Structures are given as C-alpha cells and as structure tokens.
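Reproduced below: target-v3.txt, with compact mmCIF, C-alpha atoms.
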# COMPACT_ATOMS: atom_id res chain seq x y z
CA MET I 1 -14.49 15.41 -4.35
CA SER I 2 -14.28 11.64 -3.89
CA GLN I 3 -16.50 9.48 -1.75
CA ILE I 4 -14.84 7.17 0.76
CA SER I 5 -16.18 4.49 3.06
CA VAL I 6 -13.97 3.87 6.01
CA ARG I 7 -14.31 2.19 9.40
CA VAL I 8 -12.61 4.21 12.11
CA ASP I 9 -12.36 2.90 15.68
CA GLY I 10 -15.21 0.52 15.01
CA VAL I 11 -17.61 3.03 13.43
CA ASP I 12 -18.44 3.13 9.71
CA TYR I 13 -18.29 6.47 7.90
CA VAL I 14 -19.13 7.49 4.36
CA ASP I 15 -17.71 10.89 3.52
CA GLU I 16 -16.80 13.22 0.70
CA VAL I 17 -13.15 14.23 0.68
CA GLU I 18 -10.87 16.13 -1.64
CA PRO I 19 -8.30 13.74 -3.13
CA ARG I 20 -5.54 15.89 -1.61
CA THR I 21 -6.88 15.49 1.94
CA LEU I 22 -4.37 13.70 4.13
CA LEU I 23 -5.73 10.90 6.27
CA VAL I 24 -4.66 12.70 9.45
CA HIS I 25 -6.63 15.80 8.48
CA TYR I 26 -9.68 13.69 7.63
CA LEU I 27 -9.45 12.01 11.05
CA ARG I 28 -8.98 15.24 12.97
CA GLU I 29 -11.10 17.73 11.08
CA GLN I 30 -13.94 15.69 9.60
CA LEU I 31 -14.27 13.03 12.29
CA GLY I 32 -13.00 15.00 15.29
CA LYS I 33 -10.48 12.28 16.16
CA VAL I 34 -8.04 14.81 17.59
CA GLY I 35 -6.20 12.20 19.64
CA THR I 36 -4.09 11.70 16.53
CA VAL I 37 -1.76 14.68 16.24
CA VAL I 38 0.46 16.25 13.57
CA GLY I 39 4.00 16.77 14.77
CA CYS I 40 6.03 17.54 11.67
CA ASP I 41 5.72 18.31 8.01
CA THR I 42 8.26 15.79 6.81
CA SER I 43 7.01 12.26 7.63
CA ASN I 44 9.73 11.91 10.25
CA CYS I 45 8.17 12.24 13.68
CA GLY I 46 5.52 9.51 13.72
CA ALA I 47 3.19 11.45 16.06
CA CYS I 48 0.33 10.85 13.60
CA THR I 49 0.75 7.05 13.55
CA VAL I 50 -2.50 5.07 13.23
CA HIS I 51 -3.22 1.51 12.14
CA LEU I 52 -4.49 1.06 8.59
CA ASP I 53 -5.89 -2.45 8.15
CA GLY I 54 -3.88 -3.47 11.19
CA GLU I 55 -0.52 -1.98 10.19
CA ALA I 56 1.09 1.14 11.65
CA VAL I 57 1.30 3.98 9.11
CA LYS I 58 2.02 7.68 9.29
CA SER I 59 -1.39 9.19 8.63
CA CYS I 60 0.21 12.41 7.34
CA THR I 61 1.69 10.35 4.51
CA VAL I 62 -1.48 8.60 3.40
CA LEU I 63 -4.26 10.25 1.43
CA ALA I 64 -7.74 9.83 2.86
CA VAL I 65 -8.82 8.39 -0.51
CA GLN I 66 -6.23 5.64 -0.09
CA ALA I 67 -8.05 4.55 3.07
CA ASP I 68 -11.29 3.99 1.14
CA GLY I 69 -12.63 0.56 2.10
CA ALA I 70 -10.11 0.18 4.91
CA GLU I 71 -10.26 -0.07 8.67
CA VAL I 72 -8.44 2.59 10.68
CA THR I 73 -7.63 2.39 14.37
CA THR I 74 -6.51 5.53 16.17
CA ILE I 75 -5.31 6.04 19.72
CA GLU I 76 -8.94 6.75 20.58
CA GLY I 77 -9.92 3.23 19.62
CA VAL I 78 -7.38 1.04 21.38
CA GLY I 79 -8.93 0.98 24.85
CA ARG I 80 -11.69 -1.51 25.59
CA ASP I 81 -14.80 -0.79 27.66
CA GLY I 82 -13.32 2.28 29.26
CA ALA I 83 -10.10 0.49 30.26
CA LEU I 84 -6.72 1.56 28.92
CA HIS I 85 -4.90 -0.66 26.45
CA PRO I 86 -1.97 -2.42 28.23
CA VAL I 87 0.48 -0.24 26.26
CA GLN I 88 -1.36 2.94 27.32
CA LYS I 89 -1.33 1.72 30.91
CA ALA I 90 2.40 0.94 30.75
CA PHE I 91 3.23 4.41 29.36
CA HIS I 92 1.29 5.87 32.28
CA GLU I 93 2.87 3.64 34.91
CA MET I 94 6.46 3.85 33.61
CA HIS I 95 6.17 7.60 32.99
CA GLY I 96 6.92 7.10 29.30
CA LEU I 97 6.16 10.70 28.45
CA GLN I 98 6.76 14.24 29.53
CA CYS I 99 4.91 16.68 27.27
CA GLY I 100 2.89 13.84 25.78
CA PHE I 101 2.76 15.06 22.21
CA CYS I 102 4.53 12.04 20.73
CA THR I 103 2.61 9.61 22.94
CA PRO I 104 -0.34 8.71 20.65
CA GLY I 105 2.07 7.80 17.85
CA MET I 106 4.49 6.06 20.21
CA ILE I 107 1.69 3.90 21.56
CA MET I 108 0.32 3.04 18.10
CA ALA I 109 3.82 2.15 16.85
CA SER I 110 4.49 0.08 19.97
CA ILE I 111 1.25 -1.89 19.64
CA ASP I 112 2.23 -2.62 16.02
CA LEU I 113 5.70 -3.74 17.09
CA LEU I 114 4.35 -6.03 19.82
CA ALA I 115 1.99 -7.65 17.33
CA ASP I 116 5.07 -8.82 15.38
CA ASN I 117 7.40 -9.36 18.30
CA ALA I 118 5.71 -10.17 21.59
CA ASP I 119 8.90 -10.04 23.65
CA PRO I 120 11.31 -7.51 22.14
CA SER I 121 14.77 -6.83 23.55
CA GLU I 122 15.71 -3.26 24.39
CA ASP I 123 17.47 -2.93 21.01
CA GLU I 124 14.46 -4.34 19.20
CA VAL I 125 12.17 -1.82 20.91
CA ARG I 126 14.47 1.04 19.96
CA GLU I 127 14.60 -0.14 16.34
CA GLY I 128 10.89 -0.85 16.32
CA ILE I 129 9.99 2.71 17.29
CA GLU I 130 12.69 4.38 15.19
CA GLY I 131 9.94 6.07 13.19
CA ASN I 132 8.77 8.00 16.24
CA LEU I 133 10.57 10.97 17.71
CA CYS I 134 10.33 12.11 21.31
CA ARG I 135 12.10 15.36 22.16
CA CYS I 136 11.56 15.17 25.93
CA THR I 137 12.30 11.84 27.49
CA GLY I 138 15.49 10.53 25.96
CA TYR I 139 13.41 7.38 25.25
CA GLN I 140 14.50 5.54 28.41
CA ASN I 141 11.08 5.35 30.00
CA ILE I 142 9.39 4.79 26.64
CA VAL I 143 11.49 1.67 26.10
CA ARG I 144 10.74 0.54 29.67
CA ALA I 145 7.04 1.09 29.04
CA VAL I 146 7.02 -1.00 25.88
CA GLN I 147 8.86 -3.83 27.61
CA ALA I 148 6.55 -3.62 30.63
CA ALA I 149 3.54 -3.79 28.31
CA ALA I 150 5.06 -6.79 26.51
CA ALA I 151 5.50 -8.57 29.83
CA GLU I 152 1.93 -7.84 30.91
CA MET I 153 0.44 -8.80 27.55
CA GLY I 154 2.52 -12.00 27.55
CA THR I 155 1.24 -12.92 31.00
CA ALA I 156 -2.32 -12.14 29.97
CA GLU I 157 -1.97 -14.32 26.88
CA MET I 158 -0.52 -17.19 28.91
CA GLY I 159 -3.51 -16.85 31.23
CA THR I 160 -5.87 -17.14 28.29
CA GLY I 161 -3.92 -20.12 26.97
CA ALA I 162 -4.14 -21.98 30.27
CA GLN I 163 -7.84 -21.36 30.42
CA ALA I 164 -8.36 -22.66 26.89
CA MET A 1 1.12 21.73 4.41
CA ILE A 2 -1.56 20.18 2.27
CA PRO A 3 -0.82 19.12 -1.31
CA ALA A 4 -2.04 21.34 -4.15
CA PRO A 5 -5.29 20.12 -5.74
CA PHE A 6 -5.03 17.33 -8.29
CA ALA A 7 -7.26 15.00 -10.27
CA TYR A 8 -7.27 11.48 -8.84
CA ALA A 9 -7.51 8.24 -10.77
CA ARG A 10 -7.68 4.80 -9.20
CA PRO A 11 -7.39 2.16 -11.94
CA THR A 12 -7.83 -1.53 -11.23
CA SER A 13 -5.65 -3.02 -13.99
CA VAL A 14 -2.34 -2.22 -15.65
CA ASP A 15 -4.15 -1.35 -18.91
CA GLU A 16 -6.50 1.02 -17.10
CA ALA A 17 -3.51 2.56 -15.33
CA LEU A 18 -1.68 3.16 -18.61
CA GLN A 19 -4.82 4.78 -20.04
CA ALA A 20 -5.22 6.96 -16.95
CA ILE A 21 -1.61 8.09 -17.29
CA ALA A 22 -2.15 8.86 -20.98
CA ASP A 23 -5.33 10.81 -20.20
CA GLY A 24 -3.92 12.60 -17.17
CA GLY A 25 -2.56 15.68 -18.88
CA GLU A 26 0.88 17.27 -18.86
CA ASP A 27 2.04 16.43 -15.37
CA VAL A 28 1.03 12.99 -14.14
CA LYS A 29 2.47 11.36 -11.05
CA ILE A 30 2.12 7.68 -10.31
CA LEU A 31 1.29 6.92 -6.68
CA ALA A 32 2.67 3.61 -5.42
CA GLY A 33 3.18 3.60 -1.64
CA GLY A 34 3.39 7.38 -1.56
CA GLN A 35 6.16 7.54 1.02
CA SER A 36 8.33 9.74 -1.20
CA LEU A 37 5.64 11.30 -3.40
CA ILE A 38 3.23 12.49 -0.69
CA PRO A 39 5.99 14.27 1.29
CA VAL A 40 7.17 16.18 -1.78
CA MET A 41 3.57 17.01 -2.73
CA ARG A 42 2.93 18.21 0.81
CA LEU A 43 5.94 20.51 0.56
CA ARG A 44 4.63 21.63 -2.86
CA LEU A 45 7.90 20.52 -4.45
CA ALA A 46 5.59 18.55 -6.74
CA ALA A 47 2.12 19.70 -7.76
CA PRO A 48 0.96 17.19 -10.37
CA GLU A 49 -2.16 17.76 -12.43
CA THR A 50 -3.16 14.12 -12.02
CA VAL A 51 -2.24 11.40 -9.56
CA VAL A 52 -2.74 7.82 -10.73
CA ASP A 53 -3.00 5.60 -7.66
CA LEU A 54 -1.81 2.02 -8.26
CA GLY A 55 -3.16 0.83 -4.90
CA ARG A 56 -6.02 -1.16 -6.44
CA VAL A 57 -4.26 -2.50 -9.53
CA ALA A 58 -4.52 -6.27 -9.42
CA GLY A 59 -1.47 -8.43 -9.91
CA LEU A 60 1.24 -5.93 -9.00
CA ARG A 61 1.77 -7.24 -5.47
CA GLY A 62 3.66 -10.30 -4.37
CA VAL A 63 6.68 -12.38 -5.29
CA ARG A 64 6.70 -15.42 -7.56
CA GLU A 65 9.26 -17.86 -8.88
CA GLU A 66 10.00 -18.07 -12.59
CA ASP A 67 12.78 -20.42 -13.73
CA ASP A 68 16.12 -18.89 -12.71
CA ALA A 69 14.62 -15.71 -11.28
CA ILE A 70 12.21 -14.47 -8.66
CA VAL A 71 9.80 -11.83 -9.85
CA VAL A 72 8.80 -9.06 -7.44
CA GLY A 73 5.64 -7.12 -8.25
CA ALA A 74 6.32 -3.40 -8.29
CA MET A 75 3.63 -2.72 -5.66
CA THR A 76 4.97 -5.25 -3.15
CA THR A 77 5.50 -3.34 0.09
CA HIS A 78 8.86 -3.23 1.82
CA SER A 79 7.49 -5.17 4.78
CA ASP A 80 6.13 -7.88 2.46
CA VAL A 81 9.51 -8.07 0.67
CA ILE A 82 11.33 -8.50 4.00
CA ALA A 83 9.01 -11.33 5.06
CA ASP A 84 8.89 -13.09 1.69
CA PRO A 85 10.34 -16.64 1.77
CA LEU A 86 11.46 -16.51 -1.90
CA VAL A 87 13.33 -13.26 -1.30
CA GLN A 88 14.90 -14.69 1.84
CA GLN A 89 15.96 -17.82 0.00
CA TRP A 90 17.18 -16.41 -3.32
CA ALA A 91 18.03 -12.75 -2.78
CA PRO A 92 18.56 -12.27 0.97
CA ILE A 93 20.50 -9.05 0.36
CA VAL A 94 17.23 -7.49 -0.81
CA ALA A 95 15.57 -8.29 2.51
CA GLN A 96 18.67 -7.15 4.41
CA ALA A 97 18.80 -3.78 2.61
CA THR A 98 15.04 -3.28 2.78
CA GLU A 99 15.11 -3.72 6.56
CA THR A 100 17.30 -0.60 6.72
CA VAL A 101 14.87 1.54 4.69
CA ALA A 102 13.24 4.29 6.79
CA ASP A 103 11.08 2.89 9.61
CA ARG A 104 8.30 0.35 10.21
CA GLN A 105 5.49 2.72 9.30
CA VAL A 106 7.13 3.72 6.03
CA ARG A 107 7.98 0.10 5.20
CA HIS A 108 4.31 -0.84 5.62
CA ARG A 109 3.36 1.54 2.80
CA GLY A 110 6.47 2.04 0.67
CA THR A 111 6.94 -0.33 -2.27
CA PHE A 112 9.84 -2.07 -3.95
CA GLY A 113 8.94 -0.74 -7.40
CA GLY A 114 8.21 2.74 -6.12
CA ALA A 115 11.61 3.05 -4.47
CA LEU A 116 13.37 1.86 -7.64
CA ALA A 117 11.36 4.10 -9.97
CA HIS A 118 11.99 7.08 -7.68
CA ALA A 119 15.73 6.33 -8.10
CA ASP A 120 17.00 8.42 -5.23
CA PRO A 121 20.80 7.90 -5.21
CA ALA A 122 20.67 7.72 -1.39
CA GLY A 123 17.96 5.05 -1.55
CA ASP A 124 19.11 1.57 -0.58
CA LEU A 125 17.39 -0.58 -3.17
CA PRO A 126 18.82 0.82 -6.45
CA ALA A 127 22.42 -0.20 -5.65
CA VAL A 128 21.23 -3.65 -4.60
CA ALA A 129 19.27 -4.07 -7.86
CA LEU A 130 22.32 -2.92 -9.80
CA ALA A 131 24.65 -5.38 -8.05
CA LEU A 132 22.16 -8.22 -8.54
CA GLU A 133 21.84 -7.28 -12.24
CA ALA A 134 18.09 -7.20 -11.83
CA GLU A 135 15.81 -6.73 -14.84
CA PHE A 136 13.02 -4.17 -14.94
CA VAL A 137 9.78 -5.05 -16.72
CA ILE A 138 8.14 -1.89 -18.03
CA ALA A 139 4.62 -1.68 -19.43
CA GLY A 140 3.51 0.92 -21.96
CA LEU A 141 0.50 1.38 -24.21
CA SER A 142 2.43 -0.35 -27.01
CA GLY A 143 3.47 -3.38 -24.94
CA ARG A 144 6.11 -4.50 -22.49
CA ARG A 145 9.88 -4.22 -22.53
CA THR A 146 12.63 -5.40 -20.22
CA VAL A 147 15.51 -3.16 -19.23
CA PRO A 148 18.66 -4.33 -17.42
CA ALA A 149 19.52 -2.51 -14.19
CA VAL A 150 22.61 -0.92 -15.72
CA GLU A 151 20.38 0.89 -18.24
CA PHE A 152 17.49 1.58 -15.86
CA PHE A 153 19.21 4.20 -13.68
CA VAL A 154 19.92 7.12 -16.00
CA ASP A 155 20.55 10.17 -13.82
CA TYR A 156 19.55 11.81 -10.54
CA LEU A 157 15.93 10.73 -9.87
CA THR A 158 15.74 9.70 -13.53
CA THR A 159 15.21 6.23 -14.94
CA ALA A 160 14.68 4.61 -18.33
CA LEU A 161 10.91 4.88 -17.75
CA GLU A 162 9.50 7.00 -20.57
CA GLU A 163 6.48 9.23 -20.18
CA GLY A 164 3.37 7.10 -20.05
CA GLU A 165 5.21 3.96 -18.94
CA LEU A 166 4.84 1.97 -15.76
CA LEU A 167 7.28 -0.26 -13.89
CA VAL A 168 5.32 -3.47 -13.30
CA GLU A 169 7.81 -6.03 -12.00
CA ILE A 170 11.44 -6.62 -11.21
CA ARG A 171 13.21 -9.89 -11.95
CA LEU A 172 15.94 -10.85 -9.52
CA PRO A 173 18.26 -13.69 -10.56
CA LYS A 174 18.53 -16.58 -8.11
CA LEU A 175 22.11 -16.01 -7.01
CA ALA A 176 22.04 -17.14 -3.38
CA GLY A 177 23.80 -20.45 -2.87
CA THR A 178 26.39 -19.73 -5.55
CA TRP A 179 26.97 -16.17 -4.39
CA GLY A 180 27.39 -14.74 -0.91
CA MET A 181 25.86 -11.31 -0.41
CA HIS A 182 25.85 -8.50 2.12
CA TYR A 183 24.61 -4.89 2.39
CA GLU A 184 26.70 -2.56 4.52
CA LYS A 185 25.12 0.81 5.30
CA PHE A 186 26.50 3.84 7.05
CA ASN A 187 24.15 6.50 8.33
CA ARG A 188 24.01 8.92 11.19
CA VAL A 189 20.82 8.27 13.10
CA ALA A 190 17.75 6.07 13.03
CA GLN A 191 15.55 6.36 9.91
CA ALA A 192 18.22 8.49 8.13
CA TRP A 193 19.20 7.98 4.52
CA SER A 194 22.50 6.25 3.70
CA ILE A 195 25.49 8.56 3.73
CA VAL A 196 27.15 5.77 1.75
CA ALA A 197 26.25 2.10 1.51
CA VAL A 198 27.65 -0.89 -0.35
CA ALA A 199 25.93 -3.96 -1.78
CA ALA A 200 28.46 -6.75 -2.28
CA LEU A 201 27.98 -10.09 -4.03
CA VAL A 202 30.84 -12.56 -4.06
CA ARG A 203 31.25 -15.91 -5.81
CA ARG A 204 34.03 -18.01 -4.40
CA GLU A 205 35.82 -20.91 -6.00
CA GLY A 206 37.54 -22.70 -3.13
CA ASP A 207 40.04 -20.40 -1.46
CA ARG A 208 39.81 -17.76 -4.18
CA ILE A 209 37.30 -15.05 -5.04
CA ALA A 210 36.18 -15.88 -8.57
CA GLU A 211 33.93 -12.89 -9.12
CA ALA A 212 32.54 -9.93 -7.21
CA ARG A 213 29.79 -7.42 -7.94
CA ILE A 214 29.68 -4.25 -5.92
CA GLY A 215 26.89 -1.67 -5.97
CA LEU A 216 27.43 1.73 -4.38
CA THR A 217 24.66 3.82 -2.79
CA ASN A 218 25.00 7.62 -2.83
CA MET A 219 28.37 7.82 -4.59
CA GLY A 220 27.01 9.75 -7.59
CA PRO A 221 23.74 10.85 -9.18
CA THR A 222 22.84 7.19 -9.84
CA PRO A 223 23.76 3.97 -8.09
CA LEU A 224 27.16 2.85 -9.37
CA ARG A 225 29.14 -0.33 -9.77
CA ALA A 226 32.61 -0.22 -8.20
CA SER A 227 34.13 -1.64 -11.37
CA ALA A 228 37.77 -1.09 -10.43
CA ALA A 229 37.33 -2.89 -7.12
CA GLU A 230 35.41 -5.68 -8.85
CA ALA A 231 38.28 -6.14 -11.33
CA ALA A 232 40.82 -6.08 -8.50
CA LEU A 233 38.90 -8.79 -6.63
CA ALA A 234 38.65 -11.25 -9.53
CA GLY A 235 40.88 -14.23 -8.83
CA VAL A 236 42.49 -12.99 -5.61
CA PRO A 237 42.92 -15.29 -2.60
CA ALA A 238 39.88 -15.17 -0.30
CA THR A 239 41.68 -13.43 2.54
CA ARG A 240 40.91 -10.27 4.47
CA GLU A 241 44.21 -8.75 3.32
CA ALA A 242 43.50 -9.30 -0.37
CA VAL A 243 39.98 -7.92 0.01
CA ALA A 244 41.29 -4.82 1.80
CA GLU A 245 43.76 -4.18 -0.99
CA ALA A 246 41.10 -4.48 -3.69
CA ALA A 247 38.56 -2.42 -1.72
CA ALA A 248 40.94 0.55 -1.84
CA HIS A 249 39.79 0.93 -5.48
CA ALA A 250 36.09 1.20 -4.53
CA ALA A 251 35.79 4.97 -4.97
CA GLU A 252 37.45 5.16 -8.40
CA ASN A 253 35.26 6.78 -11.04
CA THR A 254 32.64 7.90 -8.55
CA SER A 255 31.33 11.44 -8.13
CA PRO A 256 29.66 11.76 -4.73
CA SER A 257 28.15 15.05 -3.66
CA SER A 258 29.09 17.11 -0.62
CA ASP A 259 26.22 17.94 1.69
CA LEU A 260 25.41 18.49 5.36
CA ASN A 261 26.03 14.82 6.15
CA ALA A 262 29.42 14.38 4.49
CA GLN A 263 31.96 15.93 2.16
CA ALA A 264 32.83 14.11 -1.05
CA ASP A 265 36.27 13.06 0.21
CA TYR A 266 34.71 11.51 3.30
CA ARG A 267 32.33 9.59 1.05
CA HIS A 268 35.33 8.34 -0.95
CA HIS A 269 36.82 7.07 2.29
CA LEU A 270 33.54 5.46 3.38
CA ALA A 271 33.14 3.66 0.05
CA GLN A 272 36.47 1.92 0.56
CA VAL A 273 35.87 0.98 4.19
CA LEU A 274 32.31 -0.22 3.59
CA THR A 275 33.33 -2.17 0.47
CA ARG A 276 35.97 -3.99 2.51
CA ARG A 277 33.43 -4.82 5.22
CA ALA A 278 30.71 -5.82 2.77
CA VAL A 279 32.96 -8.04 0.66
CA ILE A 280 34.46 -9.72 3.74
CA ALA A 281 30.96 -10.49 4.99
CA ALA A 282 29.71 -11.63 1.57
CA ALA A 283 32.74 -13.90 1.11
CA GLY A 284 32.25 -15.38 4.58
CA LEU A 285 35.73 -14.36 5.76
Rewrite the structure from the file as structure tokens, please.
Amino acid sequence: MSQISVRVDGVDYVDEVEPRTLLVHYLREQLGKVGTVVGCDTSNCGACTVHLDGEAVKSCTVLAVQADGAEVTTIEGVGRDGALHPVQKAFHEMHGLQCGFCTPGMIMASIDLLADNADPSEDEVREGIEGNLCRCTGYQNIVRAVQAAAAEMGTAEMGTGAQA
Amino acid sequence: MIPAPFAYARPTSVDEALQAIADGGEDVKILAGGQSLIPVMRLRLAAPETVVDLGRVAGLRGVREEDDAIVVGAMTTHSDVIADPLVQQWAPIVAQATETVADRQVRHRGTFGGALAHADPAGDLPAVALALEAEFVIAGLSGRRTVPAVEFFVDYLTTALEEGELLVEIRLPKLAGTWGMHYEKFNRVAQAWSIVAVAALVRREGDRIAEARIGLTNMGPTPLRASAAEAALAGVPATREAVAEAAAHAAENTSPSSDLNAQADYRHHLAQVLTRRAVIAAAGL
C-alpha cells in the first residue's frame, strides 16, 4: 500500500491505496465521488474525465498514486454555493444529454476547453471534446450547450471587467 | 479491469530511476504519462513486476535551446510540446503532428519521450522524429549515449533502448527557416490512430526542390523513410506535377499490415497520395 495526500473538490484526504488503484476507482469507491463514472475499459470514452491540477484527464488512465500531492476536481466540485456551473446549466438548458452517462465527462472536458479557448467555433468545440463519446445525442445539443456556456461565461467575465 | 498488482517506485532523479529499474526484478515497466501503459496493464496485456514512475524525476520536463538543436525532455507532455515557443519556431511539424495525437485529456498526460519509446508504428511522433533526423539521448547505469533516429526504431514496439536504460531527452535539429515541413494524417474518426500518415520536410533552392525527407507512419513495423520518393524529389522543379510524379514512389520498400482499418494495398495507395499532399504543403506549392 502507498499513502497519498490529495485534495478533491476542495477537501484534503490522506489515504492508503494499492499502487494499482486507478484514480477513478479511488474517487468512487474510497471517497464516494460517484458523480464520476466509468464508461469503457479502453481510455476512449472520456466519461471519467476529471481535472488533475487544473487539466482534464481520463481518471481511468491515471493511477491514484500519481495524484499524490495534486488537486482533483470532479463534476461534484464544479458548482458554487449550490448553484450549477455555467456549463452544467447550459447542458441542462440546451438539452445536451439524453441518458446522461457521458455528461459528467462532457462537462469536465468542456470546462477544460473553455479555459483555453473562451469562444470556440463549432469545429473547435467538436475537436475539443473529441475525447468524449456520447452514444445518444449525435452531439448537436452538446455543441450548442458548450457554445451557450461560452457566451454566458464571456458575458459574465465582461461584467466583472467593467466593474473592476 | 484493474491492473495486476505491482511494486511501485517513484524516483526523483535520473540516477535513482536507473537504480530503481535495476532493482525492479525481471519485468520492469517505466511509467511516463501512462496513456499507453496503463490501458495495456488494465487489459492485463502487461503485468509488470515493478512500475518505475518518472513523474517526479526532476529535469526531464521542458524544452531548451542548445546550439543548432532544441532539446525536448522525455517527460514533456504533448500539450506542453504543442504550446512550446521553441518547438513552434524550430520544429513546427512536431507541434502539428502532436496536435493530432489522441485527444485533449490524453495529450495532458502523454509525453513526447513516452510516445517515442513506446514506438507504436501507428503513433504519429516516431515518423516525425525519423524525418527530422532527431537524436535520442539514452541514460544507463554506465553513462549516456546518443542514438540517431534511424537506429532508434528497431522493430514493432521495439527500440534501441536496452534493458535498464532510460530515454532522457530528444534533440531536434533547428530546420525551420531552411526547410518547410508538414504532417499529413489520414484516419477514420476523431481520436483514432493514423491509418497512414506522412511527415514531409522540403528544402528548396529557388524554383527547385534541393532535398526532401519523408517519414511514413504505419507503413511497416517501424516508422520508415520513403527513400525512393526522396531520391526522386532531389533536384526536380518545385511544381505540383513533379511532386506528384515523385510521390508515386512513396510506398516502395514498405511493408504495411492489413487490419480492420485498411488492407495493405490501400495503405500503399494512401502513402502516395499523402506524400504528394505533404510535400506540396511543405514546399509551399
């Protein structure tokens, strides 16, 4: 067993893990963060996407020991004070999901994309979320949701800027 | 699935890493970004006795300038390579090819050195390194050695790295400015591996092509140079017609596999078409 210290959704944890434990299993089974799901066994689907030190990663393809000393944000930690994150809200409003299984990963990948590109074109959104598979929606409403979130976050930022 | 149990070592220096590899037993795997290794361990296609994690080894990340080369640390992530100003200035084809690797999440973790040491013939970076004539700096317990790209890729998933050795950095010659370069990739869907891809470097002298270097992805068990096409391009007028004629030689002496994505003869065809496109783009035609 190895000891890890990790900050997950703003809370510090010190835990014993087997070196072979995947980060996603640590999150789900030891911490109960079941908002992050496992969709495939091949690193393709992206459903398990979380942020590791601010960057989107597939948590099924990271060992928990590799997250030692790092900060992890899951879908459970993106909302603030009970309010949905703008990307969560946009997925809800634009109906960017049907069964919802891919949604946690889609939202985490989209937040990561918007951090690099605040106003992505439709093509840029599609490329930006190429690591996430949705088998229900045909992606149309997902792309709309990401662009709607970008617009809202852009407006919010402008508001902040004017105030400052 | 969950990987089989293994002993885990997390060294903090190259020397410690080499010692951990030496002490790790019969079957040691080196963990760089883990984006190829962890999937195969999860599928139990690999069940190493010891995993040596390079994540905390100092000095293996980042890109620096050294005379006529830029030196990329083996643990530099794909996303850091793409964003690196030295790479963009001196070896833009590396950034261009790296942007096509997998997806954002994988590029955040996967590393330049890891992809090269894994030496998957469908991987995008080996053919680019081969066309650039990159040099591979390898550390072992008895010291360091430098291996040219043409000797580094030995066979399917096999490199010149001996047991107990570690790829520490890759030297890329500063060719941009004198050479034009372009990576042309053909694949089926997002995040898929290359069915075939071509890395082309072209040096023009006025209205002629003086020299060309062409690296082929997935046209054999290792990345290959399209030597016949390179020879056919030397000295020809820099026109689309001349390039097309020379590119028809691109598949000579290759041995692509047939698989679910493409038959070998289709790959032969693709190599010619993609070489024409890549050379035309690299030559600015």
Just want the 8 Å neighbourhood of range 191-199 of chain A, counted on only C-alpha atoms, with same-chain residues fewer than 6 positions away dropped. Output as an MDAnalysis selection string. (chainID I and resid 130:131) or (chainID A and resid 93 100:103 122:124 127:128 131 181:185 214:219 261:262 267 270:271 274:275 278)
Of the candidates A:Ala247, A:Ala134, A:Gly33, A:His108, which one gets nearest to Leu113 in chain I if we count only C-alpha atoms? A:His108
Restrict the distance test to only C-alpha atoms, flag each residue of chain A within 12 Å of chain I, and return the flagged residues as number ranges by chain. A: 1-10, 31-44, 47-56, 77, 79-80, 83, 99-110, 189-193
Considering only C-alpha atoms, can you say which of A:Arg64, A:Arg240, A:Arg225, A:Lys29 comes closest to Lys174 in chain A? A:Arg64
Measure the distance from CA of Val94 in chain A to CA of Leu116 in chain A in Å and round it to one decimal.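 Value for the CA of Val94 in chain A-CA of Leu116 in chain A distance: 12.2 Å.
Those residues that approach Pro104 in chain I to within 10 Å, counting only C-alpha atoms, are I:Gly35, I:Thr36, I:Val37, I:Gly46, I:Ala47, I:Cys48, I:Thr49, I:Val50, I:Thr74, I:Ile75, I:Glu76, I:Gln88, I:Gly100, I:Phe101, I:Cys102, I:Met106, I:Ile107, I:Met108, I:Ala109, I:Ser110; same-chain residues fewer than 2 positions away are not listed.
Between CA of Leu175 in chain A and CA of Ala229 in chain A the separation is 20.1 Å.
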Do you have, as CSV, the list of residues of range 56-132 of chain A lying at most 7 Å from range 141-163 of chain A, each with its nearest atom pair and that distance in Å to one decimal, counting only C-alpha atoms and ordered by chain then number?
residue,atom,partner,partner_atom,distance
A:Ala117,CA,A:Thr159,CA,6.6
A:His118,CA,A:Leu157,CA,5.8
A:Ala119,CA,A:Leu157,CA,4.7
A:Asp120,CA,A:Leu157,CA,5.3
A:Pro121,CA,A:Tyr156,CA,6.7
A:Ala129,CA,A:Ala149,CA,6.5
A:Leu130,CA,A:Ala149,CA,5.2
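For the atom pair formed by CA of Ala22 in chain A and CA of Arg171 in chain A, the distance is 25.9 Å, given to one decimal.
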When distances are computed from all atoms listed in the file, which of A:Arg204, A:His249, A:Arg61, A:Arg213 shows the smallest separation from Ala74 in chain A? A:Arg61
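Residue nearest His92 in chain I within the list I:Leu23, I:Cys136, I:Ala149, I:Val6: I:Ala149 [criterion: smallest interatomic distance, only C-alpha atoms].
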Residues around (42.5, -11.6, 7.3), cut-off 12 Å, counting all atoms listed in the file - what are they as a PyMOL selection string? chain A and resi 237-245+276-277+280-281+283-285
Using the incomplete input, complete range 88-100 of chain I to the level of N, CA and C atoms; output as a CSV table (one decimal), in the frame of the given file.
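Output (result-v5.csv):
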chain,number,residue,atom,x,y,z
I,88,GLN,N,-1.0,1.6,26.7
I,88,GLN,CA,-1.4,2.9,27.3
I,88,GLN,C,-1.1,2.9,28.8
I,89,LYS,N,-1.5,1.8,29.5
I,89,LYS,CA,-1.3,1.7,30.9
I,89,LYS,C,0.2,1.7,31.3
I,90,ALA,N,1.0,1.0,30.5
I,90,ALA,CA,2.4,0.9,30.8
I,90,ALA,C,3.1,2.3,30.6
I,91,PHE,N,2.7,3.1,29.5
I,91,PHE,CA,3.2,4.4,29.4
I,91,PHE,C,2.9,5.3,30.6
I,92,HIS,N,1.7,5.1,31.1
I,92,HIS,CA,1.3,5.9,32.3
I,92,HIS,C,2.1,5.4,33.5
I,93,GLU,N,2.2,4.1,33.7
I,93,GLU,CA,2.9,3.6,34.9
I,93,GLU,C,4.4,3.8,34.9
I,94,MET,N,5.0,3.7,33.7
I,94,MET,CA,6.5,3.8,33.6
I,94,MET,C,6.9,5.3,33.3
I,95,HIS,N,5.9,6.2,33.3
I,95,HIS,CA,6.2,7.6,33.0
I,95,HIS,C,6.9,7.7,31.6
I,96,GLY,N,6.3,7.1,30.6
I,96,GLY,CA,6.9,7.1,29.3
I,96,GLY,C,6.6,8.3,28.5
I,97,LEU,N,6.4,9.5,29.2
I,97,LEU,CA,6.2,10.7,28.4
I,97,LEU,C,6.4,11.9,29.4
I,98,GLN,N,6.7,13.0,28.7
I,98,GLN,CA,6.8,14.2,29.5
I,98,GLN,C,5.7,15.2,29.0
I,99,CYS,N,5.9,15.8,27.8
I,99,CYS,CA,4.9,16.7,27.3
I,99,CYS,C,3.7,15.9,26.7
I,100,GLY,N,4.0,14.7,26.2
I,100,GLY,CA,2.9,13.8,25.8
I,100,GLY,C,2.5,14.0,24.3
